[in-house]
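Quick look at structure15.txt (compact mmCIF, C-alpha atoms):
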```
# COMPACT_ATOMS: atom_id res chain seq x y z
CA MET A 1086 110.56 -150.50 48.13
CA GLU A 1087 107.60 -149.48 50.37
CA LYS A 1088 109.17 -146.07 50.98
CA GLN A 1089 109.71 -145.71 47.24
CA ILE A 1090 106.08 -146.56 46.57
CA ALA A 1091 104.90 -143.89 49.01
CA GLU A 1092 107.17 -141.34 47.32
CA ILE A 1093 106.09 -142.20 43.81
CA GLU A 1094 102.42 -142.10 44.76
CA GLY A 1095 102.91 -138.47 45.75
CA ALA A 1096 104.87 -137.67 42.61
CA CYS A 1097 102.30 -139.47 40.46
CA GLN A 1098 99.78 -136.75 41.22
CA TYR A 1099 102.15 -134.14 39.78
CA PHE A 1100 102.34 -136.10 36.53
CA ILE A 1101 98.55 -136.53 36.44
CA ASP A 1102 98.08 -132.78 36.95
CA SER A 1103 100.71 -132.00 34.34
CA THR A 1104 99.10 -134.35 31.81
CA ASN A 1105 95.62 -132.98 32.38
CA ASN A 1106 96.96 -129.43 32.15
CA TYR A 1107 98.64 -130.22 28.82
CA PHE A 1108 95.46 -131.45 27.19
CA SER A 1109 93.10 -128.84 28.63
CA HIS A 1110 95.47 -125.95 27.92
CA THR A 1111 96.51 -127.06 24.45
CA THR A 1112 93.25 -128.49 23.11
CA LYS A 1113 90.58 -126.93 25.35
CA VAL A 1114 89.25 -130.47 25.80
CA ASP A 1115 89.93 -132.12 29.16
CA SER A 1116 91.61 -135.49 29.35
CA LYS A 1117 90.31 -138.07 31.80
CA THR A 1118 92.71 -140.04 33.92
CA SER A 1119 91.78 -143.36 35.51
CA VAL A 1120 93.17 -144.60 38.80
CA PRO A 1121 96.90 -145.27 38.45
CA TYR A 1122 98.07 -148.78 39.11
CA LEU A 1123 101.39 -150.25 40.08
CA LYS A 1124 102.87 -152.27 37.27
CA THR A 1125 103.60 -155.67 38.71
CA THR A 1126 104.21 -157.75 35.62
CA ASP A 1127 106.60 -157.52 32.72
CA ASN A 1128 103.74 -156.58 30.41
CA LEU A 1129 104.59 -153.23 28.92
CA ALA A 1130 102.03 -150.46 28.76
CA LEU A 1131 102.97 -149.52 25.22
CA LYS A 1132 100.90 -148.42 22.27
CA GLU A 1133 101.97 -147.46 18.74
CA TYR A 1134 103.94 -144.28 19.46
CA THR A 1135 105.89 -143.36 22.58
CA GLY A 1136 107.72 -140.26 23.80
CA MET A 1137 109.99 -140.88 26.77
CA ILE A 1138 112.00 -138.64 29.10
CA GLY A 1139 114.87 -139.73 31.34
CA ILE A 1140 114.99 -138.22 34.81
CA SER A 1141 118.10 -137.46 36.86
CA GLY A 1142 119.24 -135.04 39.56
CA ASN A 1143 117.16 -135.17 42.75
CA HIS A 1144 115.20 -138.10 41.28
CA LYS A 1145 116.08 -140.93 38.93
CA GLY A 1146 113.90 -142.80 36.49
CA PHE A 1147 111.71 -142.01 33.52
CA VAL A 1148 108.29 -140.92 32.37
CA TYR A 1149 106.70 -141.73 29.06
CA ILE A 1150 103.46 -141.21 27.21
CA SER A 1151 102.35 -143.92 24.81
CA GLY A 1152 99.37 -143.70 22.49
CA ASN A 1153 98.27 -144.66 19.05
CA GLN A 1154 99.23 -142.70 15.95
CA ASP A 1155 95.76 -141.17 15.57
CA LEU A 1156 96.00 -139.52 19.02
CA PHE A 1157 99.26 -137.75 18.20
CA SER A 1158 98.15 -136.96 14.63
CA GLU A 1159 95.02 -135.27 15.97
CA LEU A 1160 97.09 -133.28 18.46
CA TRP A 1161 99.49 -132.25 15.67
CA LYS A 1162 96.59 -131.09 13.50
CA LEU A 1163 95.18 -129.05 16.39
CA VAL A 1164 98.42 -127.24 17.19
CA THR A 1165 99.83 -126.75 13.68
CA ASP A 1166 96.69 -126.73 11.50
CA THR A 1167 98.42 -129.12 9.08
CA GLU A 1168 98.04 -132.84 8.47
CA ALA A 1169 100.53 -135.04 10.31
CA THR A 1170 102.90 -137.46 8.68
CA SER A 1171 104.01 -140.49 10.66
CA ASP A 1172 107.20 -138.63 11.69
CA ASP A 1173 105.14 -135.61 12.76
CA ALA A 1174 103.00 -137.78 15.04
CA LEU A 1175 106.15 -139.25 16.56
CA ASP A 1176 107.58 -135.76 17.10
CA MET A 1177 104.30 -134.83 18.81
CA ALA A 1178 104.67 -137.78 21.20
CA GLY A 1179 108.13 -136.49 22.13
CA GLU A 1180 106.91 -132.94 22.69
CA VAL A 1181 103.99 -134.04 24.88
CA SER A 1182 106.38 -136.10 27.04
CA ASN A 1183 108.73 -133.12 27.27
CA VAL A 1184 105.95 -130.80 28.48
CA ILE A 1185 104.52 -133.33 30.95
CA ALA A 1186 107.94 -133.91 32.53
CA GLY A 1187 109.13 -130.29 32.31
CA ASN A 1188 106.04 -128.89 34.01
CA VAL A 1189 106.63 -131.15 37.01
CA ARG A 1190 109.72 -129.06 37.81
CA GLU A 1191 107.38 -126.47 39.24
CA LYS A 1192 106.72 -128.96 42.06
CA LEU A 1193 109.96 -130.93 42.26
CA GLY A 1194 112.34 -128.04 41.71
CA LYS A 1195 115.31 -127.13 39.54
CA ASP A 1196 117.24 -130.26 40.51
CA PHE A 1197 114.61 -132.44 38.87
CA MET A 1198 116.53 -132.84 35.63
CA ILE A 1199 114.95 -134.05 32.41
CA SER A 1200 116.52 -135.37 29.24
CA ILE A 1201 115.58 -134.51 25.69
CA PRO A 1202 112.76 -136.78 24.49
CA MET A 1203 113.46 -140.22 23.09
CA VAL A 1204 110.75 -141.38 20.68
CA PHE A 1205 109.96 -144.76 19.22
CA LYS A 1206 107.29 -146.72 17.41
CA GLY A 1207 106.01 -150.04 18.72
CA LYS A 1208 108.21 -152.00 21.07
CA PRO A 1209 111.94 -151.62 20.51
CA ASP A 1210 113.92 -154.84 20.87
CA ARG A 1211 115.96 -153.68 23.83
CA PHE A 1212 113.18 -151.85 25.68
CA ARG A 1213 112.85 -153.05 29.24
CA ILE A 1214 111.63 -151.39 32.42
CA GLN A 1215 113.76 -152.14 35.48
CA ASN A 1216 110.89 -152.54 37.90
CA ASP A 1217 113.00 -154.49 40.34
CA ASP A 1218 114.75 -151.18 41.09
CA LEU A 1219 111.89 -148.72 40.59
CA PRO A 1220 108.20 -148.85 41.34
CA VAL A 1221 106.43 -148.14 38.04
CA TYR A 1222 102.99 -146.58 37.92
CA VAL A 1223 100.71 -146.67 34.91
CA ILE A 1224 98.26 -143.80 34.55
CA PRO A 1225 95.59 -144.62 31.94
CA ILE A 1226 94.30 -141.53 30.15
CA GLU A 1227 91.57 -140.84 27.64
CA TRP A 1228 91.22 -137.79 25.44
CA ARG A 1229 88.53 -137.40 22.77
CA GLY A 1230 88.06 -141.16 22.62
CA HIS A 1231 91.79 -141.92 22.34
CA GLU A 1232 93.32 -144.09 25.03
CA ALA A 1233 96.91 -143.64 26.13
CA PHE A 1234 99.21 -144.37 29.05
CA VAL A 1235 101.43 -142.10 31.04
CA VAL A 1236 103.95 -144.36 32.76
CA VAL A 1237 106.06 -143.05 35.64
CA GLY A 1238 109.00 -144.86 37.20
CA ILE A 1239 110.93 -142.64 39.59
CA SER A 1240 112.52 -142.63 42.99
CA GLU A 1241 114.37 -139.98 45.00
CA ASN A 1242 118.14 -139.85 44.72
CA MET B 277 111.83 -107.52 12.15
CA LYS B 278 113.58 -110.81 11.40
CA LEU B 279 112.72 -113.78 13.65
CA LEU B 280 114.49 -117.10 14.18
CA ILE B 281 112.54 -119.97 15.82
CA VAL B 282 114.60 -122.50 17.78
CA ASP B 283 113.05 -125.68 19.18
CA ASP B 284 113.88 -129.37 18.80
CA SER B 285 110.21 -130.17 18.25
CA SER B 286 108.86 -129.55 14.77
CA ALA B 287 105.37 -129.39 16.32
CA MET B 288 106.48 -126.41 18.42
CA ARG B 289 108.29 -124.70 15.55
CA LYS B 290 105.18 -124.95 13.39
CA THR B 291 102.90 -123.87 16.25
CA ILE B 292 104.93 -120.73 16.89
CA GLU B 293 105.08 -119.95 13.15
CA ARG B 294 101.34 -120.43 12.87
CA HIS B 295 100.46 -118.14 15.75
CA LEU B 296 102.88 -115.40 14.73
CA ASN B 297 101.52 -115.35 11.22
CA GLY B 298 100.01 -111.92 10.74
CA TYR B 299 102.58 -110.20 12.90
CA ASP B 300 104.92 -107.83 11.14
CA LEU B 301 107.66 -110.44 11.32
CA ASP B 302 109.87 -112.06 8.74
CA ILE B 303 110.55 -115.61 9.92
CA VAL B 304 114.04 -116.06 8.50
CA GLY B 305 114.58 -119.61 9.68
CA THR B 306 114.04 -122.39 12.15
CA ALA B 307 116.64 -124.41 14.02
CA ASN B 308 116.31 -127.56 16.08
CA ASN B 309 119.23 -127.08 18.46
CA GLY B 310 121.48 -124.40 19.89
CA LYS B 311 124.43 -125.08 17.56
CA GLU B 312 122.28 -124.75 14.47
CA ALA B 313 120.77 -121.56 15.92
CA LEU B 314 124.22 -119.98 16.35
CA GLU B 315 125.04 -120.77 12.72
CA MET B 316 121.78 -119.18 11.62
CA LEU B 317 122.45 -116.13 13.78
CA LYS B 318 125.51 -115.52 11.61
CA THR B 319 123.93 -116.34 8.25
CA LYS B 320 120.37 -114.98 8.71
CA ASN B 321 121.08 -112.16 11.17
CA PRO B 322 117.72 -112.26 13.01
CA ASP B 323 116.62 -109.41 15.31
CA ALA B 324 114.60 -111.68 17.60
CA VAL B 325 114.66 -115.35 18.58
CA THR B 326 112.27 -117.75 20.27
CA LEU B 327 114.45 -120.24 22.11
CA ASP B 328 113.67 -123.60 23.72
CA ILE B 329 115.95 -124.74 26.56
CA THR B 330 116.03 -128.55 26.53
CA MET B 331 117.57 -129.40 23.16
CA PRO B 332 120.23 -131.77 21.81
CA GLU B 333 123.75 -130.60 20.79
CA MET B 334 123.52 -127.30 22.70
CA ASP B 335 120.89 -126.29 25.26
CA GLY B 336 119.03 -123.00 25.12
CA ILE B 337 120.80 -121.31 28.04
CA THR B 338 124.26 -121.96 26.54
CA CYS B 339 122.94 -120.81 23.17
CA LEU B 340 121.54 -117.64 24.74
CA GLU B 341 124.90 -116.81 26.33
CA ASN B 342 126.65 -117.27 22.99
CA MET B 343 124.07 -115.27 21.07
CA LYS B 344 124.44 -112.36 23.47
CA LYS B 345 128.22 -112.38 22.95
CA ILE B 346 127.81 -112.32 19.17
CA LYS B 347 124.88 -109.88 19.00
CA PRO B 348 124.18 -108.18 22.36
CA GLU B 349 121.08 -106.35 21.10
CA ILE B 350 119.26 -109.53 20.02
CA LYS B 351 115.81 -109.98 21.59
CA VAL B 352 115.35 -113.48 22.94
CA MET B 353 112.17 -115.05 24.22
CA ILE B 354 112.56 -118.36 26.01
CA ILE B 355 109.73 -120.84 25.39
CA THR B 356 110.22 -123.90 27.57
CA ALA B 357 108.45 -126.70 29.41
CA LEU B 358 110.77 -126.19 32.43
CA SER B 359 108.30 -124.47 34.69
CA ASP B 360 110.40 -123.72 37.77
CA LYS B 361 111.24 -120.18 38.87
CA HIS B 362 114.97 -120.82 38.92
CA THR B 363 115.12 -121.52 35.18
CA GLY B 364 113.27 -118.27 34.45
CA LEU B 365 115.61 -116.27 36.66
CA VAL B 366 118.69 -117.80 35.04
CA ALA B 367 117.35 -117.02 31.56
CA ILE B 368 116.58 -113.40 32.48
CA ASP B 369 120.00 -113.09 34.11
CA LYS B 370 121.62 -114.31 30.88
CA GLY B 371 119.79 -111.68 28.88
CA ALA B 372 116.43 -113.13 27.79
CA ARG B 373 113.77 -110.43 27.28
CA GLY B 374 110.77 -112.74 27.70
CA PHE B 375 109.86 -116.09 29.14
CA LEU B 376 106.91 -118.34 28.33
CA PHE B 377 106.00 -121.77 29.64
CA LYS B 378 104.79 -124.61 27.46
CA PRO B 379 102.09 -125.57 26.75
CA VAL B 380 101.82 -122.28 24.90
CA ASP B 381 98.52 -120.49 24.68
CA PRO B 382 98.18 -118.35 21.51
CA THR B 383 96.92 -115.36 23.51
CA ASP B 384 99.87 -115.55 25.90
CA LEU B 385 102.25 -115.87 22.94
CA ALA B 386 100.76 -112.76 21.32
CA LYS B 387 101.02 -110.78 24.57
CA ALA B 388 104.60 -111.93 25.11
CA PHE B 389 105.49 -110.88 21.57
CA ASP B 390 103.88 -107.48 21.98
CA LYS B 391 106.10 -107.01 25.00
CA LEU B 392 109.19 -108.41 23.29
CA LEU B 393 108.71 -106.11 20.33
CA GLU B 394 107.69 -103.25 22.63
CA ARG B 395 104.23 -102.77 21.20
CA ASN B 396 101.17 -102.12 23.30
```
Please render this file's structure as C-alpha cells.
Amino acid sequence: MEKQIAEIEGACQYFIDSTNNYFSHTTKVDSKTSVPYLKTTDNLALKEYTGMIGISGNHKGFVYISGNQDLFSELWKLVTDTEATSDDALDMAGEVSNVIAGNVREKLGKDFMISIPMVFKGKPDRFRIQNDDLPVYVIPIEWRGHEAFVVVGISEN
Amino acid sequence: MKLLIVDDSSAMRKTIERHLNGYDLDIVGTANNGKEALEMLKTKNPDAVTLDITMPEMDGITCLENMKKIKPEIKVMIITALSDKHTGLVAIDKGARGFLFKPVDPTDLAKAFDKLLERN
C-alpha cells in the first residue's frame, strides 16, 4: 500500500494539472485546488452531479469529478451559450471527467486506457469505493465560488 | 460544404456547432457514437466530419476506418481528450486530415477548420 501511495501521489499532480488546465482553457477563469488528502473513511466525496471514468491498461482504477448542478450548468452556459437543463448539466459532468482523464494520457502514455464517462446524480445505491485495494485521493477544487471534488483512485498494473 | 458532428457529449456537439456558426458550412447532422455516424454518412452524405474517439457503440478510430472505406475523400477532423502523440499518429495514419485536443479553444478550432477546408 505504501508503494501505491507514493505512485498515486505522483499521478495526482497530473490530474491536478489537467483539472486546472480544463478550467483555465475553457473558461479563462482559473480553478483553485486545495491540498489533496487521502480518503481514509467510507465517507464519499460526492456532490449533486458526478462524471466518472474507469481506468485500465497500464493503470487500474477511476477518476471522477463531483460538483453541484449550478457548477455544471454554468460551465454548459459558457461553452454552448444556451441554458442548461438538468440532463445537460449531467452531460457536462461527464465531458469534464472525460477531458481531465484523457489529458493525463500525455503523461501516462497510450496504455493509460480510459472508459467512456459514467454519470450519475446524488449517491447511487450500489456506489462504493474499494479503498482497501486502492489508495484514493480527494482533490478539493473551487471555481468561481463553486466547490467540487476530483477524486482519484489508481494504481499501476 | 456539408458537415457532420460526432461526439458522445451534447456539450461538445453544441460547442462545435456554436463556434462553426458563420462558417460557410451546412451542419447536416450530429451523432453521438460511431455507429450512428456511419448511418448518417450514408443518409446525409457529409463532406467533412468532426469525430471524437472515446464513444460508446463504436469508437472514433474504428468509425474513421469505416468512413474512409465508404467515402475515401471525406475530410475528418479528430477532436479528442486523448492527448498522447500515439493517438494522433494512429488517427493520421487512418486518414484523418486534422487533429485537435480537448478542451477546445475557439481560435484553435477556427484555425484547424481553415486548414481542413484548405482556406488561408
Spatial neighbours of region 1099-1103 of chain A, max dist 8 Å, all atoms listed in the file, sep filter under 4 positions, as a compact mmCIF listing (two decimals) with C-alpha atoms, in the frame of the given file:
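Result file part.txt:
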```txt
# COMPACT_ATOMS: atom_id res chain seq x y z
CA GLY A 1095 102.91 -138.47 45.75
CA TYR A 1107 98.64 -130.22 28.82
CA THR A 1118 92.71 -140.04 33.92
CA VAL A 1184 105.95 -130.80 28.48
CA ILE A 1185 104.52 -133.33 30.95
CA ALA A 1186 107.94 -133.91 32.53
CA ASN A 1188 106.04 -128.89 34.01
CA VAL A 1189 106.63 -131.15 37.01
CA LYS A 1192 106.72 -128.96 42.06
CA ILE A 1224 98.26 -143.80 34.55
CA VAL A 1237 106.06 -143.05 35.64
```
Show me, as a short mmCIF file (atom, residue, chain, number, x, y, z; two decimals) with C-alpha atoms, in the coordinates of the input, every residue of chain A with an atom at most 8 Å from chain B, counting all atoms listed in the file.
```
data_model
loop_
_atom_site.label_atom_id
_atom_site.label_comp_id
_atom_site.auth_asym_id
_atom_site.auth_seq_id
_atom_site.Cartn_x
_atom_site.Cartn_y
_atom_site.Cartn_z
CA TYR A 1107 98.64 -130.22 28.82
CA HIS A 1110 95.47 -125.95 27.92
CA THR A 1111 96.51 -127.06 24.45
CA TRP A 1161 99.49 -132.25 15.67
CA VAL A 1164 98.42 -127.24 17.19
CA THR A 1165 99.83 -126.75 13.68
CA ASP A 1166 96.69 -126.73 11.50
CA ASP A 1173 105.14 -135.61 12.76
CA ASP A 1176 107.58 -135.76 17.10
CA MET A 1177 104.30 -134.83 18.81
CA GLY A 1179 108.13 -136.49 22.13
CA GLU A 1180 106.91 -132.94 22.69
CA ASN A 1183 108.73 -133.12 27.27
CA VAL A 1184 105.95 -130.80 28.48
CA ILE A 1185 104.52 -133.33 30.95
CA ALA A 1186 107.94 -133.91 32.53
CA GLY A 1187 109.13 -130.29 32.31
CA ASN A 1188 106.04 -128.89 34.01
CA VAL A 1189 106.63 -131.15 37.01
CA ARG A 1190 109.72 -129.06 37.81
CA GLU A 1191 107.38 -126.47 39.24
CA LYS A 1192 106.72 -128.96 42.06
CA GLY A 1194 112.34 -128.04 41.71
CA LYS A 1195 115.31 -127.13 39.54
CA SER A 1200 116.52 -135.37 29.24
CA ILE A 1201 115.58 -134.51 25.69
#
```
* To do: Work out how far apart CA of Gly1142 (chain A) and CA of Ile1199 (chain A) are and give it in Å to one decimal.
  =>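 CA of Gly1142 (chain A) sits 8.4 Å away from CA of Ile1199 (chain A).
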* Counting only C-alpha atoms, the residue of A:Val1223, A:Val1204, A:Asn1153, A:Val1148 that sits nearest Tyr1122 (chain A) ->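 Smallest distance to Tyr1122 (chain A) is found for A:Val1223.
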* Asked: How many Å separate CA of Trp1228 (chain A) from CA of Thr1104 (chain A)?
  ->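 So the answer is 10.7 Å.
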* Using only C-alpha atoms, which residue out of B:Leu296, B:Leu280, B:Ile337, B:Ala324 lies closest to Glu312 (chain B)? ->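 So, comparing all the options, the nearest one is B:Leu280.
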* Give me, please, the distance in Å between CA of Leu1219 (chain A) and CA of Gly1152 (chain A), quoted to one decimal. =>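 Separating CA of Leu1219 (chain A) from CA of Gly1152 (chain A) is a distance of 22.6 Å.
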* Ile303 (chain B) surroundings by all atoms listed in the file, 9 Å radius, close-in-sequence under 6 positions cut, as a PyMOL selection string -> chain B and resi 277-281+293+322
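The shortest atom-to-atom distance to Gly364 (chain B), with only C-alpha atoms taken into account, belongs to B:Leu376 out of B:Ala386, B:Leu376, B:Val325, B:Cys339.
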* Tell me which protein, DNA and RNA residues are within 9 Å of region 388-392 of chain B, counting all atoms listed in the file, leaving out same-chain ones fewer than 4 positions away, and put them as a list in words. => Leu296, Ala324, Lys351, Val352, Met353, Arg373, Gly374, Phe375, Leu376, Thr383, Asp384 and Asn396 of chain B
Output the selection as an mmCIF file, keeping the file's coordinate frame - C-alpha atoms for each residue.
```cif
data_model
loop_
_atom_site.group_PDB
_atom_site.id
_atom_site.type_symbol
_atom_site.label_atom_id
_atom_site.label_comp_id
_atom_site.auth_asym_id
_atom_site.auth_seq_id
_atom_site.Cartn_x
_atom_site.Cartn_y
_atom_site.Cartn_z
ATOM 1 C CA LEU B 296 102.880 -115.400 14.730
ATOM 2 C CA ALA B 324 114.600 -111.680 17.600
ATOM 3 C CA LYS B 351 115.810 -109.980 21.590
ATOM 4 C CA VAL B 352 115.350 -113.480 22.940
ATOM 5 C CA MET B 353 112.170 -115.050 24.220
ATOM 6 C CA ARG B 373 113.770 -110.430 27.280
ATOM 7 C CA GLY B 374 110.770 -112.740 27.700
ATOM 8 C CA PHE B 375 109.860 -116.090 29.140
ATOM 9 C CA LEU B 376 106.910 -118.340 28.330
ATOM 10 C CA THR B 383 96.920 -115.360 23.510
ATOM 11 C CA ASP B 384 99.870 -115.550 25.900
ATOM 12 C CA ASN B 396 101.170 -102.120 23.300
#
```
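Minimum distance to Ile1140 (chain A) across A:Arg1211, A:Leu1123, A:Phe1205, A:Ser1182 (counting all atoms listed in the file) occurs at A:Ser1182.
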Which centre and which edge lengths, in Å to one decimal, describe the axis-aligned box that holds all listed atoms of region 351-359 of chain B after 5 Å is added on each side, as AutoDock Vina command-line options?
```
--center_x 112.1 --center_y -118.3 --center_z 28.1 --size_x 17.5 --size_y 26.7 --size_z 23.1
```
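When only C-alpha atoms are used to measure the gap to Gly1136 (chain A), the shortest distance among A:Ile1093, A:Ile1226, A:Leu1193, A:Ala1174 belongs to A:Ala1174.
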